[in-house]
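Taking it in order: structure first as structure tokens, then the write-up.
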Amino acid sequence: MSVPVARRQLLARKGRTFAGIAGIATALLLVLALKAIFAGMEQRLTAYIDGSGADVIVAQRGVRSMHMTESALPERAARAITALPGVARARPILYVPATLERGDRRGLVYLIGEDPGDAPIALARGRRPGRGEIVLDRELAKTLRSPPGSSVRAFGRSFRVSGEVSGFTLISNAFAFVRRQDLAATLRSPGVVSYILVEAEPGVRPSELAERIDRAVPGVTASTREAFARSERRLVGDMSTDIVRAMILVGFVIGVAVAGLVAYSAALSQLREYAVLRALGLRARGALGLALAQVGTMVAAAFLLALALVWALAQLLPALSPLLSLAIKPGDVAQTLALAGAVALGAAAFPALRVSRVDPASVFRR
Amino acid sequence: MAAHSLVRIRDLSKTFGDDETRVEAVRGLELELERGEIVLVMGPSGSGKTTFLSMLGGLLRVSAGEIWIDDTDIAALSERELPPFRARAFGFIFQDFNLVAALSARENVEVALNIAGETGRPARERARSLLESMGLGERLDFPVEKLSGGEKQRVAIARAIANRPALILADEPTANLDSHHGAETMRLLRQLAKDDQTTVVIVSHDERLREVADRVLWLEDGRFKTLQALVRDPSCGMLIDPGEAPASIEQDGTTVYFCSRGCRDEFLAPDRTPGGYSEVEMRPAKEAGR
């Protein structure tokens, strides 16, 4: 039909239509925002690995991630790896979870011990840590009120803040950096490292190098940076899957309930008009199409609104709550679009059925 | 079967319900309608007028009989075949106008064209030209809710004739209009029938429509009755069939018939005001059913 009947019918009752769109958009926004929050977490979770400059990450045998994991390797493994062909550089690091304290303020951190000159992460402020010094993530420094020059305590000893990095804060914890020898002495574990970050010589493929290290060095597992980061992200994925699934279900139920209610009340109030159109010769499937088009238009508008809102949230939220960062991934948008489609179908089913069964002879009833 | 008749109805019946709830709304109707003819169907409420109109318009399935529109028996059409046939063959005019409130005047006409398969610019132009011919050129893009009753009915008539139907079915087309707009609607229907040879079937209680009708049919108890045979109840004014009148009296050598014993008692009451309804139906020549 060249007359946009469905759109006109929606616009004729703007209040109800916009309320419906807002309700569905809220449901879709819940899902989109949660997915974006987890995607943002994933990005920050692998920020250190992504910015480490390593092509291959070597851990204790069987270990393929950092978070919620422990890895202990003899320091000599780094020397053995350095001696392998194709290796440009091998940098051992220590990695331990810790609690930083300043007065009555506390912050959970992943404490990374690096050798001087090996630290790949750019500083936002101050200088690299010397002996007895620590570099904090900027947001953590704010939480602890520890600007450069102040001190924080960890493992029963004091560290002086020498600088700050940016973008290494997760929701519940952050990254902090110290000298490896300092951390080893504090932990009383000399000669032990957690991971070895390996850089390949030019022309050497990281996967080849990882296999070579696996074969040549006993007791280690070598992963390419991409594989290691993927494994890290999977951890977040494993933690968030049930939450996201529950939220998708909630979003679906709310979306179907709101869209269904609006669509059904719209269909009921328009039954007479549908009967008239049927009397004029519109087939049942034409009436069905009109009802579906109304719901589809509403859900499509709601999806676009939700997308715009989550984009705005992604811009605003880091300023309001620096611990959160939202990352909008095309895959998540596609999944939410599929959810919106399911919402539209679920919501349209009942009203469409009602409309398709309208009796054209009812036009003569008063 | 007369070859020249547009509509031929044969032994048409409609029954609702079963057993104790069984109601015969229409019984054995026979009717032929010529091209360009205006037929007014009258009758008391519940007489089967709406059922008859619904079946004639292909909106309600018949229980028995045939409805031939030209060479098509619509009673034999399938559910898939009926809607496109309705779109091409019939134009509907309703008491409440039944316009789509969300659409403009032009879109209400255009949508009927769309349903019949005519879309885009040709449909828009046809809708515009029809409305302009009805004096609604200034109201093309008005929301129909902002139109007066007369304007709404003109839009409804434009919609009814948009697809150049052979038959227009009008249900109480003047009921919601004042006398001026009612007369205007009557004039338009008359013009349609005489200029375009469109057959118009009107179901109404409005006596004014007799003026434009070529024939008046009286439908009562699901059957067409000859108007000459009907008489008025002198108490309530209702037209009744003397053969089925539940009460009657002899007065001054003639029989007076009543629709109920209550009306008879009222008529015989000593304090009854003289006058009231007494005349028998007056227009036999024009109102003979075929």
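Going by the structure tokens order, chains are called A, B, ..., each with residues numbered from 1, while ligands are numbered from 1 in the order shown.
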Just list as a PyMOL selection string whatever in stretch 254-329 of chain A DSSP marks as helix (DSSP H, G or I).
chain A and resi 254-269+271-279+284-320
Can you list, as a CSV table (one decimal) with N, CA and C atoms, in the first residue's frame, every protein, DNA or RNA residue that comes within 10 Å of B:Glu145 when you count only C-alpha atoms, leaving out same-chain residues fewer than 5 positions away?
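Saved result, part00.csv, follows:
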```
chain,number,residue,atom,x,y,z
B,99,LEU,N,-14.6,6.0,8.7
B,99,LEU,CA,-13.3,6.5,8.1
B,99,LEU,C,-12.2,6.1,9.0
B,100,VAL,N,-11.0,5.9,8.5
B,100,VAL,CA,-9.8,5.6,9.3
B,100,VAL,C,-9.3,6.9,9.9
B,101,ALA,N,-9.5,7.0,11.2
B,101,ALA,CA,-9.2,8.3,11.9
B,101,ALA,C,-7.8,8.8,11.7
B,102,ALA,N,-6.9,7.9,11.6
B,102,ALA,CA,-5.5,8.3,11.6
B,102,ALA,C,-5.1,8.9,10.2
B,103,LEU,N,-5.9,8.7,9.2
B,103,LEU,CA,-5.6,9.1,7.8
B,103,LEU,C,-6.3,10.4,7.5
B,104,SER,N,-5.7,11.1,6.5
B,104,SER,CA,-6.3,12.3,6.0
B,104,SER,C,-7.5,11.9,5.1
B,105,ALA,N,-8.2,12.9,4.6
B,105,ALA,CA,-9.4,12.7,3.7
B,105,ALA,C,-8.9,12.0,2.5
B,152,LYS,N,-17.5,14.3,6.1
B,152,LYS,CA,-17.1,13.0,6.3
B,152,LYS,C,-17.8,12.0,5.4
```
Residues of chain A within 7 Å of chain B, only C-alpha atoms counted, as a tab-separated table (two decimals) with C-alpha atoms, in the first residue's frame:
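Done, and the output landed in part_32.tsv:
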```tsv
chain	number	residue	atom	x	y	z
A	1	MET	CA	0.00	0.00	0.00
A	2	SER	CA	1.27	3.47	-0.78
A	3	VAL	CA	-0.62	4.92	2.18
A	8	ARG	CA	-0.19	6.87	10.60
A	9	GLN	CA	-2.00	4.75	13.18
A	12	ALA	CA	-2.26	9.18	15.69
A	273	GLU	CA	-10.83	0.36	11.45
A	276	VAL	CA	-13.52	-1.41	7.66
A	279	ALA	CA	-14.69	-4.88	4.30
A	280	LEU	CA	-13.01	-2.72	1.66
A	281	GLY	CA	-11.18	-5.83	0.49
A	282	LEU	CA	-8.04	-6.06	2.61
A	283	ARG	CA	-7.10	-9.71	3.04
A	360	PRO	CA	-15.49	-7.58	8.28
A	361	ALA	CA	-19.26	-7.85	8.73
A	364	PHE	CA	-22.46	-2.80	10.14
```
Distance criterion (only C-alpha atoms): nearest to A:Arg357 out of A:Arg13, A:Leu271, A:Ser231, A:Ser71:
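Ranking A:Arg13, A:Leu271, A:Ser231, A:Ser71 by distance to A:Arg357, first place goes to A:Leu271.
If you look at atom CA of B:Asp141 and atom CA of A:Gln270, they are 21.0 Å away from each other.
Considering only C-alpha atoms, the residue among A:Arg16, A:Arg61, A:Arg7, A:Arg179 positioned nearest to A:Val262 is A:Arg16.
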For each of B:Ala76, B:Leu209, B:Ala64, B:Leu219, take the minimum atom-to-atom distance to B:Leu188, counting only C-alpha atoms, then give the residue where this is smallest.
B:Leu209
Excluding stretch 16-31 of chain B and residues on its chain fewer than 4 positions from it, collect all residues at most 8 Å away from it, counting only C-alpha atoms, and give them as a PyMOL selection string.
chain B and resi 7-12+47-48+51-52+65+221-224+290
Apply DSSP to the backbone of this structure and, from stretch 47-191 of chain A, keep only the residues in strand (DSSP E or B); write these as a PyMOL selection string.
chain A and resi 56-60+73-74+87-102+105-114+125-126+133-137+151-154+157-165+169+174-179
Same residues, C-alpha atoms, output as a PDB file, in the first residue's frame:
```pdb
ATOM      1  CA  VAL A  56      54.269 -14.504  23.412  1.00  0.00           C
ATOM      2  CA  ILE A  57      53.427 -14.840  27.108  1.00  0.00           C
ATOM      3  CA  VAL A  58      54.967 -17.730  29.004  1.00  0.00           C
ATOM      4  CA  ALA A  59      53.390 -19.074  32.207  1.00  0.00           C
ATOM      5  CA  GLN A  60      53.590 -22.110  34.435  1.00  0.00           C
ATOM      6  CA  LEU A  73      58.317 -20.052  37.116  1.00  0.00           C
ATOM      7  CA  PRO A  74      62.004 -20.254  37.955  1.00  0.00           C
ATOM      8  CA  VAL A  87      63.583 -14.505  20.603  1.00  0.00           C
ATOM      9  CA  ALA A  88      64.477 -10.815  20.672  1.00  0.00           C
ATOM     10  CA  ARG A  89      63.818 -10.323  24.352  1.00  0.00           C
ATOM     11  CA  ALA A  90      62.305 -12.116  27.364  1.00  0.00           C
ATOM     12  CA  ARG A  91      61.108 -10.009  30.324  1.00  0.00           C
ATOM     13  CA  PRO A  92      60.113 -11.753  33.541  1.00  0.00           C
ATOM     14  CA  ILE A  93      57.409 -10.160  35.690  1.00  0.00           C
ATOM     15  CA  LEU A  94      55.917 -10.882  39.088  1.00  0.00           C
ATOM     16  CA  TYR A  95      52.175 -10.691  39.379  1.00  0.00           C
ATOM     17  CA  VAL A  96      50.260 -10.894  42.671  1.00  0.00           C
ATOM     18  CA  PRO A  97      46.920  -9.689  43.967  1.00  0.00           C
ATOM     19  CA  ALA A  98      47.309  -7.276  46.875  1.00  0.00           C
ATOM     20  CA  THR A  99      45.519  -4.762  49.050  1.00  0.00           C
ATOM     21  CA  LEU A 100      46.891  -1.228  49.137  1.00  0.00           C
ATOM     22  CA  GLU A 101      46.131   0.855  52.198  1.00  0.00           C
ATOM     23  CA  ARG A 102      46.409   4.496  53.040  1.00  0.00           C
ATOM     24  CA  ARG A 105      41.283   3.734  52.689  1.00  0.00           C
ATOM     25  CA  ARG A 106      41.834   0.499  50.819  1.00  0.00           C
ATOM     26  CA  GLY A 107      42.155  -0.560  47.219  1.00  0.00           C
ATOM     27  CA  LEU A 108      42.404  -4.011  45.669  1.00  0.00           C
ATOM     28  CA  VAL A 109      45.133  -4.242  43.040  1.00  0.00           C
ATOM     29  CA  TYR A 110      46.984  -6.578  40.767  1.00  0.00           C
ATOM     30  CA  LEU A 111      50.564  -5.700  41.692  1.00  0.00           C
ATOM     31  CA  ILE A 112      52.997  -6.152  38.831  1.00  0.00           C
ATOM     32  CA  GLY A 113      56.738  -6.264  39.447  1.00  0.00           C
ATOM     33  CA  GLU A 114      58.778  -5.253  36.403  1.00  0.00           C
ATOM     34  CA  ARG A 125      52.185  11.418  35.366  1.00  0.00           C
ATOM     35  CA  GLY A 126      55.414  11.194  37.410  1.00  0.00           C
ATOM     36  CA  GLU A 133      58.343   3.086  45.011  1.00  0.00           C
ATOM     37  CA  ILE A 134      55.046   2.302  43.301  1.00  0.00           C
ATOM     38  CA  VAL A 135      53.088   3.556  40.275  1.00  0.00           C
ATOM     39  CA  LEU A 136      49.309   3.603  40.728  1.00  0.00           C
ATOM     40  CA  ASP A 137      46.444   3.784  38.323  1.00  0.00           C
ATOM     41  CA  SER A 151      52.868   6.634  50.522  1.00  0.00           C
ATOM     42  CA  VAL A 152      50.729   3.519  50.512  1.00  0.00           C
ATOM     43  CA  ARG A 153      51.190   0.224  52.316  1.00  0.00           C
ATOM     44  CA  ALA A 154      51.136  -3.330  50.934  1.00  0.00           C
ATOM     45  CA  ARG A 157      55.539  -2.330  54.127  1.00  0.00           C
ATOM     46  CA  SER A 158      55.395   1.168  52.701  1.00  0.00           C
ATOM     47  CA  PHE A 159      55.735   2.216  49.048  1.00  0.00           C
ATOM     48  CA  ARG A 160      56.177   5.813  47.942  1.00  0.00           C
ATOM     49  CA  VAL A 161      54.005   6.789  44.944  1.00  0.00           C
ATOM     50  CA  SER A 162      56.260   7.873  42.088  1.00  0.00           C
ATOM     51  CA  GLY A 163      53.800   8.162  39.222  1.00  0.00           C
ATOM     52  CA  GLU A 164      50.435   7.321  37.694  1.00  0.00           C
ATOM     53  CA  VAL A 165      49.145   5.339  34.723  1.00  0.00           C
ATOM     54  CA  THR A 169      41.101   0.316  36.676  1.00  0.00           C
ATOM     55  CA  ALA A 174      43.202  -1.835  39.539  1.00  0.00           C
ATOM     56  CA  PHE A 175      46.785  -2.301  38.437  1.00  0.00           C
ATOM     57  CA  ALA A 176      49.828  -1.003  40.260  1.00  0.00           C
ATOM     58  CA  PHE A 177      53.472  -1.341  39.308  1.00  0.00           C
ATOM     59  CA  VAL A 178      56.634  -1.803  41.415  1.00  0.00           C
ATOM     60  CA  ARG A 179      60.170  -3.013  40.797  1.00  0.00           C
TER      61      ARG A 179
END
```
Name the residues in contact with stretch 201-212 of chain A at a cut-off of 7 Å, using only C-alpha atoms, excluding same-chain residues fewer than 3 positions from it; report them as a PDB file with N, CA and C atoms, in the first residue's frame.
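Result saved to part_31.pdb:
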```
ATOM      1  N   ASP A  55      54.959 -10.621  22.258  1.00  0.00           N
ATOM      2  CA  ASP A  55      54.320 -11.420  21.211  1.00  0.00           C
ATOM      3  C   ASP A  55      53.852 -12.748  21.784  1.00  0.00           C
ATOM      4  N   VAL A  56      54.592 -13.223  22.782  1.00  0.00           N
ATOM      5  CA  VAL A  56      54.269 -14.504  23.412  1.00  0.00           C
ATOM      6  C   VAL A  56      54.341 -14.313  24.920  1.00  0.00           C
ATOM      7  N   GLY A  86      65.046 -16.826  17.450  1.00  0.00           N
ATOM      8  CA  GLY A  86      63.799 -16.108  17.150  1.00  0.00           C
ATOM      9  C   GLY A  86      63.334 -15.242  18.295  1.00  0.00           C
ATOM     10  N   VAL A  87      63.995 -15.317  19.451  1.00  0.00           N
ATOM     11  CA  VAL A  87      63.583 -14.505  20.603  1.00  0.00           C
ATOM     12  C   VAL A  87      64.423 -13.234  20.636  1.00  0.00           C
ATOM     13  N   ALA A  88      63.754 -12.089  20.604  1.00  0.00           N
ATOM     14  CA  ALA A  88      64.477 -10.815  20.672  1.00  0.00           C
ATOM     15  C   ALA A  88      64.729 -10.434  22.127  1.00  0.00           C
ATOM     16  N   ARG A 215      58.195 -26.492  23.313  1.00  0.00           N
ATOM     17  CA  ARG A 215      59.000 -27.702  23.082  1.00  0.00           C
ATOM     18  C   ARG A 215      60.331 -27.636  23.832  1.00  0.00           C
ATOM     19  N   ALA A 216      60.939 -26.439  23.890  1.00  0.00           N
ATOM     20  CA  ALA A 216      62.315 -26.342  24.375  1.00  0.00           C
ATOM     21  C   ALA A 216      62.419 -26.143  25.882  1.00  0.00           C
ATOM     22  N   ALA A 222      53.424 -21.651  26.671  1.00  0.00           N
ATOM     23  CA  ALA A 222      53.598 -20.384  25.950  1.00  0.00           C
ATOM     24  C   ALA A 222      52.374 -20.131  25.082  1.00  0.00           C
ATOM     25  N   SER A 223      51.833 -18.929  25.200  1.00  0.00           N
ATOM     26  CA  SER A 223      50.655 -18.551  24.390  1.00  0.00           C
ATOM     27  C   SER A 223      50.977 -17.267  23.645  1.00  0.00           C
ATOM     28  N   THR A 224      50.421 -17.154  22.459  1.00  0.00           N
ATOM     29  CA  THR A 224      50.563 -15.861  21.765  1.00  0.00           C
ATOM     30  C   THR A 224      49.766 -14.821  22.562  1.00  0.00           C
TER      31      THR A 224
END
```
Polymer residues at most 12 Å from B:Arg210, only C-alpha atoms, same-chain spacing of 3 or more positions, as an NGL selection string
:B and (38-42 or 183 or 186 or 190 or 202-207 or 213-218 or 282-283 or 286-287)
Spatial neighbours of stretch 247-255 of chain B, max dist 12 Å, only C-alpha atoms, sep filter under 4 positions, as a PyMOL selection string
chain B and resi 231-235+240-243+259-268+278
Take the selection from the previous step and output its residues with N, CA and C atoms, as a compact mmCIF listing (two decimals), in the first residue's frame.
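Printed below is out34.txt as written:
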```txt
# COMPACT_ATOMS: atom_id res chain seq x y z
N VAL B 231 -50.19 -2.33 6.87
CA VAL B 231 -51.02 -1.27 7.46
C VAL B 231 -50.29 -0.71 8.67
N ARG B 232 -50.71 0.48 9.09
CA ARG B 232 -50.08 1.07 10.28
C ARG B 232 -50.91 0.78 11.52
N ASP B 233 -50.20 0.45 12.57
CA ASP B 233 -50.83 0.35 13.89
C ASP B 233 -51.24 1.77 14.28
N PRO B 234 -52.52 2.03 14.53
CA PRO B 234 -52.95 3.41 14.82
C PRO B 234 -52.44 3.94 16.16
N SER B 235 -51.97 3.03 17.02
CA SER B 235 -51.46 3.49 18.31
C SER B 235 -50.01 3.92 18.23
N ILE B 240 -47.35 -2.93 9.87
CA ILE B 240 -47.47 -4.35 10.22
C ILE B 240 -48.22 -5.10 9.11
N ASP B 241 -47.94 -6.43 9.09
CA ASP B 241 -48.61 -7.31 8.14
C ASP B 241 -49.92 -7.76 8.79
N PRO B 242 -51.07 -7.44 8.18
CA PRO B 242 -52.36 -7.80 8.81
C PRO B 242 -52.47 -9.30 9.09
N GLY B 243 -51.85 -10.10 8.23
CA GLY B 243 -51.94 -11.55 8.40
C GLY B 243 -51.24 -12.03 9.66
N CYS B 259 -49.88 -3.94 16.39
CA CYS B 259 -48.65 -4.73 16.49
C CYS B 259 -48.62 -5.53 17.78
N SER B 260 -49.47 -5.13 18.76
CA SER B 260 -49.52 -5.86 20.04
C SER B 260 -50.86 -5.62 20.70
N ARG B 261 -51.16 -6.48 21.68
CA ARG B 261 -52.42 -6.27 22.41
C ARG B 261 -52.36 -4.98 23.22
N GLY B 262 -51.18 -4.62 23.65
CA GLY B 262 -51.00 -3.38 24.41
C GLY B 262 -51.45 -2.18 23.59
N CYS B 263 -51.05 -2.18 22.30
CA CYS B 263 -51.44 -1.07 21.43
C CYS B 263 -52.96 -1.06 21.22
N ARG B 264 -53.51 -2.27 21.09
CA ARG B 264 -54.99 -2.34 20.92
C ARG B 264 -55.68 -1.78 22.15
N ASP B 265 -55.20 -2.20 23.35
CA ASP B 265 -55.83 -1.73 24.59
C ASP B 265 -55.70 -0.22 24.72
N GLU B 266 -54.53 0.26 24.31
CA GLU B 266 -54.31 1.72 24.38
C GLU B 266 -55.30 2.43 23.45
N PHE B 267 -55.50 1.82 22.25
CA PHE B 267 -56.41 2.40 21.27
C PHE B 267 -57.84 2.45 21.80
N LEU B 268 -58.20 1.37 22.55
CA LEU B 268 -59.58 1.27 23.03
C LEU B 268 -59.81 2.02 24.35
N SER B 278 -53.16 6.71 11.58
CA SER B 278 -54.32 6.01 11.05
C SER B 278 -54.18 5.70 9.57
```
Do you know which residues are at most 6 Å from A:Ala25 counting only C-alpha atoms, after dropping those on the same chain fewer than 3 positions away, and could you put them as number ranges by chain?
A: 21-22, 28-29, 302-303, 306
Could you write out the selected residues, including N, CA and C atoms, as a PDB file, in the first residue's frame?
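New file selection_33.pdb:
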```pdb
ATOM      1  N   ILE A  21       7.452   2.880  23.065  1.00  0.00           N
ATOM      2  CA  ILE A  21       8.835   2.884  22.551  1.00  0.00           C
ATOM      3  C   ILE A  21       9.816   3.058  23.719  1.00  0.00           C
ATOM      4  N   ALA A  22       9.478   3.963  24.642  1.00  0.00           N
ATOM      5  CA  ALA A  22      10.373   4.203  25.783  1.00  0.00           C
ATOM      6  C   ALA A  22      10.495   2.944  26.638  1.00  0.00           C
ATOM      7  N   LEU A  28      15.667  -2.914  26.185  1.00  0.00           N
ATOM      8  CA  LEU A  28      16.812  -3.184  25.299  1.00  0.00           C
ATOM      9  C   LEU A  28      18.074  -2.509  25.831  1.00  0.00           C
ATOM     10  N   LEU A  29      17.880  -1.328  26.443  1.00  0.00           N
ATOM     11  CA  LEU A  29      19.031  -0.598  26.995  1.00  0.00           C
ATOM     12  C   LEU A  29      19.672  -1.397  28.127  1.00  0.00           C
ATOM     13  N   ALA A 302      12.514   1.752  19.136  1.00  0.00           N
ATOM     14  CA  ALA A 302      13.030   1.514  20.489  1.00  0.00           C
ATOM     15  C   ALA A 302      14.483   1.049  20.437  1.00  0.00           C
ATOM     16  N   PHE A 303      14.795   0.211  19.463  1.00  0.00           N
ATOM     17  CA  PHE A 303      16.173  -0.288  19.332  1.00  0.00           C
ATOM     18  C   PHE A 303      17.128   0.872  19.028  1.00  0.00           C
ATOM     19  N   ALA A 306      17.521   2.914  22.123  1.00  0.00           N
ATOM     20  CA  ALA A 306      18.392   2.233  23.095  1.00  0.00           C
ATOM     21  C   ALA A 306      19.850   2.346  22.679  1.00  0.00           C
TER      22      ALA A 306
END
```
Using only C-alpha atoms for the distances, tell me which of B:Met238, B:Arg154, B:Ala166, B:Ser78 is nearest to B:Leu6.
B:Ala166
Would you mind reading off the distance between atom CA of A:Gln294 and atom CA of A:Leu10, one decimal, in Å?
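Rounded to one decimal, the two atoms are 6.6 Å apart.
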